[in-house]
$ cat final21.tsv   # TSV, N, CA and C atoms
chain	number	residue	atom	x	y	z
A	108	MET	N	0.81	-1.18	0.00
A	108	MET	CA	0.00	0.00	0.00
A	108	MET	C	0.87	1.26	0.00
A	109	ARG	N	2.01	1.19	0.65
A	109	ARG	CA	2.88	2.35	0.73
A	109	ARG	C	3.36	2.77	-0.65
A	110	ASN	N	3.70	1.83	-1.51
A	110	ASN	CA	4.17	2.18	-2.85
A	110	ASN	C	3.08	2.84	-3.68
A	111	GLU	N	1.83	2.38	-3.51
A	111	GLU	CA	0.73	2.99	-4.23
A	111	GLU	C	0.50	4.42	-3.74
A	112	LEU	N	0.64	4.65	-2.44
A	112	LEU	CA	0.46	5.98	-1.89
A	112	LEU	C	1.54	6.94	-2.37
A	113	ILE	N	2.78	6.47	-2.40
A	113	ILE	CA	3.88	7.30	-2.91
A	113	ILE	C	3.66	7.62	-4.39
A	114	ALA	N	3.23	6.64	-5.16
A	114	ALA	CA	2.97	6.87	-6.58
A	114	ALA	C	1.82	7.86	-6.75
A	115	GLY	N	0.79	7.76	-5.92
A	115	GLY	CA	-0.33	8.68	-6.01
A	115	GLY	C	0.05	10.10	-5.65
A	116	VAL	N	0.84	10.27	-4.62
A	116	VAL	CA	1.28	11.61	-4.21
A	116	VAL	C	2.16	12.22	-5.29
A	117	THR	N	3.05	11.43	-5.85
A	117	THR	CA	3.93	11.93	-6.91
A	117	THR	C	3.13	12.31	-8.15
A	118	ALA	N	2.14	11.50	-8.51
A	118	ALA	CA	1.30	11.81	-9.67
A	118	ALA	C	0.47	13.06	-9.42
A	119	PHE	N	-0.01	13.24	-8.18
A	119	PHE	CA	-0.79	14.44	-7.85
A	119	PHE	C	0.07	15.69	-7.97
A	120	ALA	N	1.29	15.62	-7.45
A	120	ALA	CA	2.17	16.79	-7.47
A	120	ALA	C	2.56	17.18	-8.89
A	121	SER	N	2.67	16.22	-9.79
A	121	SER	CA	3.10	16.53	-11.14
A	121	SER	C	1.93	16.73	-12.11
A	122	SER	N	0.70	16.54	-11.65
A	122	SER	CA	-0.45	16.67	-12.54
A	122	SER	C	-0.80	18.14	-12.77
A	123	SER	N	-1.69	18.36	-13.71
A	123	SER	CA	-2.12	19.73	-13.98
A	123	SER	C	-2.93	20.28	-12.81
A	124	PHE	N	-3.64	19.42	-12.08
A	124	PHE	CA	-4.37	19.89	-10.90
A	124	PHE	C	-3.40	20.34	-9.82
A	125	GLY	N	-2.34	19.56	-9.62
A	125	GLY	CA	-1.36	19.92	-8.62
A	125	GLY	C	-0.65	21.22	-8.94
A	126	SER	N	-0.38	21.46	-10.21
A	126	SER	CA	0.30	22.70	-10.58
A	126	SER	C	-0.63	23.90	-10.57
A	127	SER	N	-1.94	23.66	-10.60
A	127	SER	CA	-2.88	24.78	-10.58
A	127	SER	C	-3.15	25.28	-9.17
A	128	LEU	N	-2.58	24.64	-8.16
A	128	LEU	CA	-2.80	25.08	-6.79
A	128	LEU	C	-2.06	26.37	-6.48
A	129	GLY	N	-1.08	26.73	-7.26
A	129	GLY	CA	-0.38	27.99	-7.06
A	129	GLY	C	0.94	27.80	-6.33
A	130	ALA	N	1.40	28.89	-5.74
A	130	ALA	CA	2.69	28.87	-5.06
A	130	ALA	C	2.60	29.69	-3.78
A	131	ILE	N	3.49	29.40	-2.86
A	131	ILE	CA	3.56	30.11	-1.59
A	131	ILE	C	4.88	30.86	-1.56
A	132	THR	N	4.85	32.13	-1.16
A	132	THR	CA	6.08	32.89	-0.98
A	132	THR	C	6.60	32.61	0.42
A	133	VAL	N	7.76	31.99	0.52
A	133	VAL	CA	8.29	31.60	1.82
A	133	VAL	C	9.32	32.59	2.35
A	134	ALA	N	9.91	33.39	1.49
A	134	ALA	CA	10.92	34.36	1.93
A	134	ALA	C	11.14	35.38	0.84
A	135	THR	N	11.79	36.46	1.19
A	135	THR	CA	12.26	37.42	0.20
A	135	THR	C	13.75	37.62	0.41
A	136	VAL	N	14.46	37.70	-0.68
A	136	VAL	CA	15.91	37.83	-0.64
A	136	VAL	C	16.28	39.17	-1.26
A	137	PRO	N	17.08	39.99	-0.54
A	137	PRO	CA	17.49	41.26	-1.15
A	137	PRO	C	18.46	41.03	-2.30
A	138	THR	N	18.21	41.68	-3.40
A	138	THR	CA	19.02	41.54	-4.60
A	138	THR	C	19.35	42.93	-5.13
A	139	THR	N	20.60	43.12	-5.53
A	139	THR	CA	20.97	44.41	-6.12
A	139	THR	C	20.79	44.35	-7.62
A	140	VAL	N	20.22	45.41	-8.16
A	140	VAL	CA	19.98	45.51	-9.59
A	140	VAL	C	20.67	46.78	-10.08
A	141	THR	N	21.53	46.64	-11.09
A	141	THR	CA	22.22	47.79	-11.67
A	141	THR	C	21.59	48.11	-13.02
A	142	THR	N	21.20	49.37	-13.18
A	142	THR	CA	20.53	49.81	-14.39
A	142	THR	C	21.23	51.04	-14.95
A	143	THR	N	21.29	51.14	-16.25
A	143	THR	CA	21.85	52.33	-16.89
A	143	THR	C	20.69	53.25	-17.26
A	144	ALA	N	20.78	54.50	-16.79
A	144	ALA	CA	19.73	55.48	-17.06
A	144	ALA	C	20.37	56.74	-17.63
A	145	SER	N	19.56	57.54	-18.27
A	145	SER	CA	20.10	58.79	-18.81
A	145	SER	C	20.40	59.75	-17.66
A	146	ALA	N	21.47	60.50	-17.84
A	146	ALA	CA	21.88	61.47	-16.82
A	146	ALA	C	20.88	62.63	-16.79
A	147	GLY	N	20.86	63.34	-15.68
A	147	GLY	CA	19.94	64.45	-15.56
A	147	GLY	C	20.49	65.72	-16.19
A	148	GLY	N	19.61	66.62	-16.47
A	148	GLY	CA	20.00	67.95	-16.94
A	148	GLY	C	20.53	67.96	-18.36
A	149	LEU	N	21.48	68.86	-18.60
A	149	LEU	CA	22.05	69.07	-19.92
A	149	LEU	C	22.84	67.85	-20.40
A	150	ALA	N	23.52	67.15	-19.47
A	150	ALA	CA	24.29	65.96	-19.83
A	150	ALA	C	23.35	64.87	-20.39
A	151	GLY	N	22.21	64.71	-19.77
A	151	GLY	CA	21.24	63.74	-20.26
A	151	GLY	C	20.68	64.12	-21.60
A	152	LEU	N	20.50	65.43	-21.81
A	152	LEU	CA	20.00	65.92	-23.09
A	152	LEU	C	21.00	65.64	-24.20
A	153	LEU	N	22.29	65.67	-23.86
A	153	LEU	CA	23.34	65.40	-24.85
A	153	LEU	C	23.63	63.90	-25.01
A	154	GLY	N	22.94	63.05	-24.24
A	154	GLY	CA	23.09	61.59	-24.43
A	154	GLY	C	23.95	60.90	-23.39
A	155	ALA	N	24.41	61.59	-22.36
A	155	ALA	CA	25.23	60.95	-21.33
A	155	ALA	C	24.34	60.05	-20.46
A	156	THR	N	24.94	58.99	-19.96
A	156	THR	CA	24.20	58.05	-19.11
A	156	THR	C	24.88	57.93	-17.76
A	157	THR	N	24.18	57.40	-16.81
A	157	THR	CA	24.71	57.12	-15.48
A	157	THR	C	24.23	55.74	-15.04
A	158	THR	N	24.94	55.17	-14.09
A	158	THR	CA	24.57	53.84	-13.58
A	158	THR	C	23.84	54.00	-12.26
A	159	VAL	N	22.69	53.36	-12.14
A	159	VAL	CA	21.88	53.42	-10.93
A	159	VAL	C	21.83	52.02	-10.33
A	160	THR	N	22.17	51.91	-9.05
A	160	THR	CA	22.10	50.63	-8.35
A	160	THR	C	21.01	50.71	-7.31
A	161	SER	N	20.11	49.75	-7.31
A	161	SER	CA	19.04	49.72	-6.31
A	161	SER	C	18.93	48.31	-5.74
A	162	VAL	N	18.37	48.22	-4.54
A	162	VAL	CA	18.16	46.94	-3.87
A	162	VAL	C	16.67	46.63	-3.91
A	163	VAL	N	16.35	45.48	-4.45
A	163	VAL	CA	14.95	45.05	-4.53
A	163	VAL	C	14.79	43.71	-3.81
A	164	ALA	N	13.57	43.41	-3.39
A	164	ALA	CA	13.28	42.15	-2.71
A	164	ALA	C	12.79	41.13	-3.73
A	165	ALA	N	13.55	40.06	-3.91
A	165	ALA	CA	13.15	39.00	-4.84
A	165	ALA	C	12.45	37.89	-4.05
A	166	PRO	N	11.24	37.52	-4.43
A	166	PRO	CA	10.52	36.48	-3.67
A	166	PRO	C	11.07	35.08	-3.94
A	167	VAL	N	11.04	34.24	-2.91
A	167	VAL	CA	11.38	32.83	-3.04
A	167	VAL	C	10.06	32.08	-2.91
A	168	THR	N	9.63	31.43	-3.99
A	168	THR	CA	8.33	30.76	-3.99
A	168	THR	C	8.49	29.25	-4.05
A	169	VAL	N	7.52	28.56	-3.46
A	169	VAL	CA	7.49	27.10	-3.43
A	169	VAL	C	6.11	26.67	-3.92
A	170	PRO	N	6.02	25.71	-4.84
A	170	PRO	CA	4.70	25.26	-5.29
A	170	PRO	C	3.94	24.53	-4.17
A	171	VAL	N	2.64	24.79	-4.08
A	171	VAL	CA	1.81	24.19	-3.03
A	171	VAL	C	1.79	22.66	-3.17
A	172	ALA	N	1.73	22.16	-4.39
A	172	ALA	CA	1.70	20.71	-4.60
A	172	ALA	C	2.98	20.07	-4.08
A	173	GLY	N	4.11	20.76	-4.20
A	173	GLY	CA	5.37	20.24	-3.65
A	173	GLY	C	5.33	20.15	-2.15
A	174	VAL	N	4.73	21.14	-1.50
A	174	VAL	CA	4.61	21.12	-0.04
A	174	VAL	C	3.74	19.95	0.40
A	175	ILE	N	2.64	19.71	-0.32
A	175	ILE	CA	1.76	18.59	0.00
A	175	ILE	C	2.49	17.26	-0.19
A	176	ALA	N	3.23	17.13	-1.28
A	176	ALA	CA	3.95	15.88	-1.56
A	176	ALA	C	5.02	15.61	-0.52
A	177	VAL	N	5.78	16.62	-0.14
A	177	VAL	CA	6.84	16.43	0.86
A	177	VAL	C	6.23	16.08	2.22
A	178	GLY	N	5.13	16.73	2.57
A	178	GLY	CA	4.46	16.40	3.83
A	178	GLY	C	3.97	14.96	3.85
A	179	ALA	N	3.42	14.50	2.75
A	179	ALA	CA	2.94	13.12	2.69
A	179	ALA	C	4.10	12.13	2.78
A	180	LEU	N	5.18	12.41	2.09
A	180	LEU	CA	6.33	11.50	2.14
A	180	LEU	C	6.98	11.48	3.53
A	181	LEU	N	7.03	12.64	4.20
A	181	LEU	CA	7.57	12.67	5.56
A	181	LEU	C	6.66	11.91	6.53
A	182	THR	N	5.36	11.96	6.31
A	182	THR	CA	4.43	11.21	7.15
A	182	THR	C	4.63	9.71	6.97
A	183	ILE	N	4.78	9.28	5.73
A	183	ILE	CA	5.00	7.86	5.47
A	183	ILE	C	6.33	7.41	6.08
A	184	GLY	N	7.37	8.24	5.94
A	184	GLY	CA	8.67	7.90	6.53
A	184	GLY	C	8.61	7.86	8.04
A	185	GLY	N	7.90	8.81	8.65
A	185	GLY	CA	7.76	8.82	10.10
A	185	GLY	C	7.02	7.60	10.60
A	186	LEU	N	5.99	7.18	9.88
A	186	LEU	CA	5.26	5.97	10.25
A	186	LEU	C	6.17	4.75	10.16
A	187	GLY	N	6.99	4.69	9.12
A	187	GLY	CA	7.91	3.56	8.98
A	187	GLY	C	8.93	3.51	10.11
A	188	VAL	N	9.46	4.66	10.50
A	188	VAL	CA	10.42	4.70	11.61
A	188	VAL	C	9.75	4.29	12.91
A	189	TYR	N	8.52	4.76	13.13
A	189	TYR	CA	7.77	4.40	14.34
A	189	TYR	C	7.55	2.89	14.40
A	190	GLN	N	7.14	2.30	13.28
A	190	GLN	CA	6.91	0.87	13.26
A	190	GLN	C	8.20	0.09	13.46
A	191	LEU	N	9.30	0.58	12.88
A	191	LEU	CA	10.58	-0.09	13.05
A	191	LEU	C	11.03	-0.06	14.50
A	192	LEU	N	10.90	1.10	15.15
A	192	LEU	CA	11.32	1.21	16.54
A	192	LEU	C	10.44	0.39	17.47
A	193	ASN	N	9.17	0.27	17.17
A	193	ASN	CA	8.28	-0.52	18.03
A	193	ASN	C	8.48	-2.02	17.86
A	194	ASN	N	9.02	-2.45	16.74
A	194	ASN	CA	9.20	-3.88	16.50
A	194	ASN	C	10.61	-4.36	16.81
A	195	GLN	N	11.48	-3.48	17.28
A	195	GLN	CA	12.83	-3.91	17.64
A	195	GLN	C	12.79	-4.71	18.93
A	196	GLU	N	13.81	-5.52	19.09
A	196	GLU	CA	13.87	-6.34	20.30
A	196	GLU	C	14.42	-5.51	21.46
A	197	THR	N	13.92	-5.79	22.65
A	197	THR	CA	14.41	-5.12	23.86
A	197	THR	C	15.67	-5.84	24.34
A	198	PRO	N	16.37	-5.30	25.35
A	198	PRO	CA	17.57	-5.98	25.85
A	198	PRO	C	17.30	-7.39	26.37
A	199	ASN	N	16.08	-7.70	26.78
A	199	ASN	CA	15.75	-9.04	27.26
A	199	ASN	C	15.33	-9.98	26.12
A	200	ASN	N	15.58	-9.58	24.88
A	200	ASN	CA	15.21	-10.35	23.69
A	200	ASN	C	13.71	-10.63	23.60
A	201	GLU	N	12.91	-9.66	24.03
A	201	GLU	CA	11.47	-9.77	23.92
A	201	GLU	C	10.98	-8.72	22.94
A	202	ARG	N	9.95	-9.05	22.23
A	202	ARG	CA	9.34	-8.07	21.34
A	202	ARG	C	8.50	-7.10	22.16
A	203	ARG	N	8.45	-5.84	21.73
A	203	ARG	CA	7.69	-4.85	22.48
A	203	ARG	C	6.19	-5.01	22.25
A	204	ASN	N	5.80	-5.34	21.04
A	204	ASN	CA	4.38	-5.36	20.67
A	204	ASN	C	3.92	-6.77	20.33
A	205	GLU	N	4.00	-7.67	21.25
A	205	GLU	CA	3.45	-9.00	20.99
A	205	GLU	C	2.07	-9.05	21.62
A	206	ALA	N	1.09	-9.37	20.82
A	206	ALA	CA	-0.29	-9.38	21.32
A	206	ALA	C	-0.70	-10.75	21.80
$ encode --input "final21.tsv" --output "structure tokens"
Amino acid sequence: MRNELIAGVTAFASSSFGSSLGAITVATVPTTVTTTASAGGLAGLLGATTTVTSVVAAPVTVPVAGVIAVGALLTIGGLGVYQLLNNQETPNNERRNEA
């Protein structure tokens, strides 16, 4: 069942429905942008240029379908670790979950 669930989550994330969910902005990163602009006044009228540097915030976005897929895979992995730890033998060579 686990393999079918992983395949389903992967198919959902890569489908057109998964991509139509949009994106989440998780952070903004300051980025410097250098632009050439015409100089002011008479120099600009004669064709002289100047360099303008500004700092802008560039967004870091993550697709929503990717967040859903990673959450599902982490849940499956956590369940597997939980089951593995519960089925390990104790120091007295007894199983923890014998019914």
$ select_by_dssp --input "final21.tsv" --residues "region 119-193 of chain A" --states "helix (DSSP H, G or I)" --output "PyMOL selection string"
chain A and resi 119-121+123-126+148-152+171-193
$ closest_residue --input "final21.tsv" --among "A:Val159, A:Val177, A:Ala164, A:Val171" --to "Ala134 (chain A)" --atoms "only N, CA and C atoms"
A:Ala164
$ residues_around --input "final21.tsv" --residues "Thr168 (chain A)" --least-positions-apart "3" --cutoff "6.5 Å" --atoms "all atoms listed in the file" --output "list in words"
Ala130, Ile131, Thr132, Val133 and Ala134 of chain A
$ residues_around --input "final21.tsv" --residues "Gly154 (chain A)" --least-positions-apart "5" --cutoff "9 Å" --atoms "only C-alpha atoms" --output "ChimeraX atom specification"
/A:145-146,149
$ atom_distance --input "final21.tsv" --atom1 "atom N of Thr139 (chain A)" --atom2 "atom N of Val174 (chain A)"
27.4 Å
$ atom_distance --input "final21.tsv" --atom1 "atom C of Pro166 (chain A)" --atom2 "atom N of Thr135 (chain A)"
5.4 Å
